[in-house]
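Undergrad: My structure is stored as input-v5.cif, with mmCIF, C-alpha atoms.
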data_structure
#
loop_
_atom_site.group_PDB
_atom_site.id
_atom_site.type_symbol
_atom_site.label_atom_id
_atom_site.label_comp_id
_atom_site.auth_asym_id
_atom_site.auth_seq_id
_atom_site.Cartn_x
_atom_site.Cartn_y
_atom_site.Cartn_z
ATOM 1 C CA MET X 1 148.583 -84.069 -148.950
ATOM 2 C CA ASN X 2 151.996 -83.909 -147.240
ATOM 3 C CA ARG X 3 151.423 -80.291 -146.251
ATOM 4 C CA GLU X 4 148.044 -81.120 -144.692
ATOM 5 C CA ARG X 5 149.531 -84.076 -142.828
ATOM 6 C CA ALA X 6 152.348 -81.878 -141.482
ATOM 7 C CA TYR X 7 149.799 -79.286 -140.367
ATOM 8 C CA ARG X 8 147.724 -81.901 -138.497
ATOM 9 C CA SER X 9 150.857 -83.352 -136.933
ATOM 10 C CA GLY X 10 151.908 -79.899 -135.759
ATOM 11 C CA ARG X 11 148.489 -79.221 -134.254
ATOM 12 C CA ARG X 12 148.638 -82.541 -132.366
ATOM 13 C CA ALA X 13 152.070 -81.575 -131.056
ATOM 14 C CA GLU X 14 150.673 -78.239 -129.861
ATOM 15 C CA ARG X 15 147.800 -79.993 -128.064
ATOM 16 C CA LEU X 16 150.265 -82.344 -126.374
ATOM 17 C CA ALA X 17 152.489 -79.405 -125.378
ATOM 18 C CA ALA X 18 149.476 -77.564 -123.903
ATOM 19 C CA TRP X 19 148.549 -80.665 -121.928
ATOM 20 C CA TRP X 20 152.148 -80.935 -120.673
ATOM 21 C CA LEU X 21 152.158 -77.320 -119.543
ATOM 22 C CA ARG X 22 148.834 -77.730 -117.733
ATOM 23 C CA ALA X 23 150.245 -80.769 -115.939
ATOM 24 C CA LYS X 24 153.121 -78.545 -114.796
ATOM 25 C CA GLY X 25 150.720 -75.970 -113.356
ATOM 26 C CA TYR X 26 150.514 -73.489 -116.233
ATOM 27 C CA ARG X 27 147.288 -71.896 -117.399
ATOM 28 C CA ILE X 28 146.952 -71.695 -121.184
ATOM 29 C CA LEU X 29 145.945 -68.160 -122.182
ATOM 30 C CA ALA X 30 146.121 -68.487 -125.962
ATOM 31 C CA ARG X 31 146.828 -71.026 -128.668
ATOM 32 C CA ASP X 32 147.954 -70.263 -132.197
ATOM 33 C CA PHE X 33 148.012 -66.489 -131.632
ATOM 34 C CA ARG X 34 148.488 -64.830 -135.035
ATOM 35 C CA VAL X 35 149.130 -61.250 -136.030
ATOM 36 C CA PRO X 36 150.608 -59.898 -139.279
ATOM 37 C CA VAL X 37 154.099 -59.641 -137.753
ATOM 38 C CA GLY X 38 154.277 -63.219 -136.437
ATOM 39 C CA GLU X 39 152.627 -66.007 -134.520
ATOM 40 C CA ILE X 40 152.904 -67.745 -131.173
ATOM 41 C CA ASP X 41 152.051 -71.429 -130.703
ATOM 42 C CA LEU X 42 151.134 -71.216 -127.000
ATOM 43 C CA ILE X 43 150.923 -68.486 -124.407
ATOM 44 C CA ALA X 44 150.828 -69.778 -120.853
ATOM 45 C CA GLU X 45 151.016 -68.272 -117.396
ATOM 46 C CA ARG X 46 152.184 -69.532 -114.033
ATOM 47 C CA GLY X 47 153.025 -67.518 -110.955
ATOM 48 C CA GLY X 48 152.873 -64.174 -112.727
ATOM 49 C CA LEU X 49 155.263 -65.313 -115.462
ATOM 50 C CA LEU X 50 154.110 -65.256 -119.065
ATOM 51 C CA ALA X 51 155.627 -68.136 -121.053
ATOM 52 C CA ILE X 52 155.713 -67.651 -124.821
ATOM 53 C CA VAL X 53 156.081 -71.177 -126.168
ATOM 54 C CA GLU X 54 157.251 -72.388 -129.560
ATOM 55 C CA VAL X 55 156.384 -76.045 -130.183
ATOM 56 C CA LYS X 56 158.544 -78.164 -132.480
ATOM 57 C CA ARG X 57 157.838 -81.754 -133.481
ATOM 58 C CA ARG X 58 160.955 -83.442 -134.775
ATOM 59 C CA GLU X 59 162.642 -86.826 -134.625
ATOM 60 C CA ARG X 60 165.779 -85.454 -132.958
ATOM 61 C CA LEU X 61 166.331 -82.731 -130.397
ATOM 62 C CA ALA X 62 169.053 -81.020 -132.443
ATOM 63 C CA GLU X 63 166.695 -80.761 -135.435
ATOM 64 C CA ALA X 64 164.045 -79.133 -133.283
ATOM 65 C CA LEU X 65 166.433 -76.584 -131.841
ATOM 66 C CA GLU X 66 167.853 -75.718 -135.253
ATOM 67 C CA ALA X 67 164.314 -75.111 -136.480
ATOM 68 C CA VAL X 68 163.907 -72.160 -134.088
ATOM 69 C CA THR X 69 165.952 -69.764 -136.189
ATOM 70 C CA PRO X 70 166.901 -66.199 -135.205
ATOM 71 C CA ARG X 71 164.447 -64.930 -137.829
ATOM 72 C CA GLN X 72 161.638 -66.989 -136.291
ATOM 73 C CA GLN X 73 162.624 -65.792 -132.823
ATOM 74 C CA ARG X 74 162.284 -62.167 -133.957
ATOM 75 C CA ARG X 75 158.831 -62.882 -135.426
ATOM 76 C CA ILE X 76 157.740 -64.489 -132.150
ATOM 77 C CA GLU X 77 159.112 -61.521 -130.211
ATOM 78 C CA ARG X 78 157.144 -59.073 -132.385
ATOM 79 C CA ALA X 79 153.993 -61.160 -131.974
ATOM 80 C CA THR X 80 154.594 -61.090 -128.219
ATOM 81 C CA GLU X 81 154.712 -57.294 -128.276
ATOM 82 C CA ALA X 82 151.381 -57.275 -130.120
ATOM 83 C CA TYR X 83 149.867 -59.699 -127.596
ATOM 84 C CA LEU X 84 151.061 -57.612 -124.643
ATOM 85 C CA ALA X 85 149.600 -54.454 -126.197
ATOM 86 C CA ARG X 86 146.303 -56.156 -127.042
ATOM 87 C CA GLU X 87 145.913 -57.584 -123.534
ATOM 88 C CA ARG X 88 147.042 -54.297 -121.954
ATOM 89 C CA ARG X 89 149.831 -55.920 -120.027
ATOM 90 C CA GLY X 90 152.393 -53.423 -118.852
ATOM 91 C CA ALA X 91 156.141 -53.344 -119.244
ATOM 92 C CA GLU X 92 156.439 -54.943 -115.814
ATOM 93 C CA THR X 93 155.053 -58.226 -117.156
ATOM 94 C CA ARG X 94 157.683 -60.925 -116.834
ATOM 95 C CA VAL X 95 158.029 -62.749 -120.149
ATOM 96 C CA ARG X 96 160.050 -65.850 -120.942
ATOM 97 C CA PHE X 97 160.564 -67.553 -124.315
ATOM 98 C CA ASP X 98 160.345 -71.352 -124.134
ATOM 99 C CA VAL X 99 160.510 -74.229 -126.582
ATOM 100 C CA ILE X 100 158.715 -77.535 -126.168
ATOM 101 C CA VAL X 101 160.093 -80.360 -128.261
ATOM 102 C CA ILE X 102 157.775 -83.235 -129.157
ATOM 103 C CA ARG X 103 159.586 -86.391 -130.241
ATOM 104 C CA PRO X 104 158.072 -89.770 -131.110
ATOM 105 C CA ARG X 105 157.695 -92.200 -128.213
ATOM 106 C CA ARG X 106 159.121 -89.742 -125.660
ATOM 107 C CA LEU X 107 157.746 -87.329 -123.126
ATOM 108 C CA PRO X 108 157.707 -83.690 -124.197
ATOM 109 C CA LEU X 109 160.875 -81.756 -123.432
ATOM 110 C CA HIS X 110 160.239 -78.260 -122.027
ATOM 111 C CA LEU X 111 163.205 -75.947 -122.521
ATOM 112 C CA ALA X 112 162.438 -72.951 -120.330
ATOM 113 C CA ASP X 113 164.129 -69.652 -121.209
ATOM 114 C CA ALA X 114 165.322 -71.043 -124.544
ATOM 115 C CA TRP X 115 166.350 -67.602 -125.822
ATOM 116 C CA ARG X 116 166.289 -63.962 -124.822
ATOM 117 C CA PRO X 117 165.600 -61.001 -127.093
#
Show this structure as structure tokens.

TA:
Amino acid sequence: MNRERAYRSGRRAERLAAWWLRAKGYRILARDFRVPVGEIDLIAERGGLLAIVEVKRRERLAEALEAVTPRQQRRIERATEAYLARERRGAETRVRFDVIVIRPRRLPLHLADAWRP
């Protein structure tokens, strides 16, 4: 039951993050993009920039940031490569890796350019 509750909570956080991005002028291109090498919570675009977004729901900001481990970053980067190939986006596509932190009773926190490969 705990696992299912955590899954539902994570999906709600992703919906809230997508709403937040739309409010900031982004267009959501994909949600929960999964390939064998990794997954991406949200893929959004604004002004020709492709934002690859990892969503973390945690009580504290530090916990959320620690949860985006180097191993997870590499998996997201590989999934991004698969997405770019599938959508036939060229090497000139500008890509940025973001994190959106969802905390109880607070507005979402969008950390643009959270890491670079």

Undergrad: At most 9 Å is the cut-off: for each residue in region 80-103 of chain X with any atom that close to an atom of region 63-73 of chain X, write down the nearest atom pair and the distance in Å rounded to one decimal, counting only C-alpha atoms, chain first then increasing number, as a tab-separated table.

TA:
residue	atom	partner	partner_atom	distance
X:Phe97	CA	X:Gln73	CA	8.9
X:Val99	CA	X:Leu65	CA	8.3
X:Val101	CA	X:Ala64	CA	6.5
X:Ile102	CA	X:Ala64	CA	8.6

Undergrad: Would you save the residues of that selection, restricted to C-alpha atoms, as a short mmCIF file (atom, residue, chain, number, x, y, z; two decimals), keeping the file's coordinate frame?

TA:
data_model
loop_
_atom_site.label_atom_id
_atom_site.label_comp_id
_atom_site.auth_asym_id
_atom_site.auth_seq_id
_atom_site.Cartn_x
_atom_site.Cartn_y
_atom_site.Cartn_z
CA PHE X 97 160.56 -67.55 -124.32
CA VAL X 99 160.51 -74.23 -126.58
CA VAL X 101 160.09 -80.36 -128.26
CA ILE X 102 157.78 -83.24 -129.16
#

Undergrad: From the options X:Pro104, X:Gly47, X:Gly90, X:Gly38, which residue's atoms come nearest to Arg60 (chain X), counting only C-alpha atoms?

TA: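 Selected residue with least distance to Arg60 (chain X): X:Pro104.
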
Undergrad: Starting from the PyMOL selection byres ((chain X and resi 21-37) around 9), expand the selection into actual residues of this file and give them as a list in words.

TA: Glu14, Leu16, Ala17, Ala18, Trp19, Trp20, Gly38, Glu39, Ile40, Asp41, Leu42, Ile43, Ala44, Glu45, Arg46, Gly47, Ala51, Arg75, Ile76, Arg78, Ala79, Ala82, Tyr83 and His110 of chain X

Undergrad: Which residue is closest to Glu81 (chain X)? Choose from X:Gly10, X:Glu4, X:Pro117, X:Arg106 and count only C-alpha atoms.

TA: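 Once distances to Glu81 (chain X) are computed over only C-alpha atoms, the minimum belongs to X:Pro117.
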
Undergrad: Find the distance between CA of Arg58 (chain X) and CA of Trp115 (chain X) and write it in Å to one decimal.

TA: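 Taking CA of Arg58 (chain X) as the start and CA of Trp115 (chain X) as the end point, the length is 19.0 Å.
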
Undergrad: For CA of Leu84 (chain X) and CA of Ala112 (chain X), determine how far apart the two atoms are, in Å to one decimal place.

TA: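 Separation between CA of Leu84 (chain X) and CA of Ala112 (chain X): 19.6 Å.
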
Undergrad: With only C-alpha atoms as the atoms that count, which of X:Arg116, X:Arg57, X:Arg89, X:Arg94 lies nearest to Tyr7 (chain X)?

TA: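 Going through X:Arg116, X:Arg57, X:Arg89, X:Arg94 one by one, the smallest distance to Tyr7 (chain X) is for X:Arg57.
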
Undergrad: To one decimal in Å, tell me the separation between CA of Leu61 (chain X) and CA of Asp98 (chain X).

TA: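 Separation of CA of Leu61 (chain X) and CA of Asp98 (chain X): 14.3 Å.
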
Undergrad: With distances taken over all atoms listed in the file, which of X:Arg105, X:Leu49, X:Asp113, X:Thr80 is nearest to Thr93 (chain X)?

TA: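 Closest candidate: X:Leu49.
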
Undergrad: My list of candidates is X:Pro108, X:Ile100, X:Val95, X:Ser9. Which is closest to Glu54 (chain X) when distances are computed with only C-alpha atoms?

TA: X:Ile100

Undergrad: Build an axis-aligned box that encloses every atom of region 66-74 of chain X listed in the file, pad it by 6 Å on each side, and report its centre and edge lengths in Å to one decimal, as JSON.

TA:
{"center_x": 164.7, "center_y": -68.9, "center_z": -135.3, "size_x": 18.2, "size_y": 25.6, "size_z": 17.0}
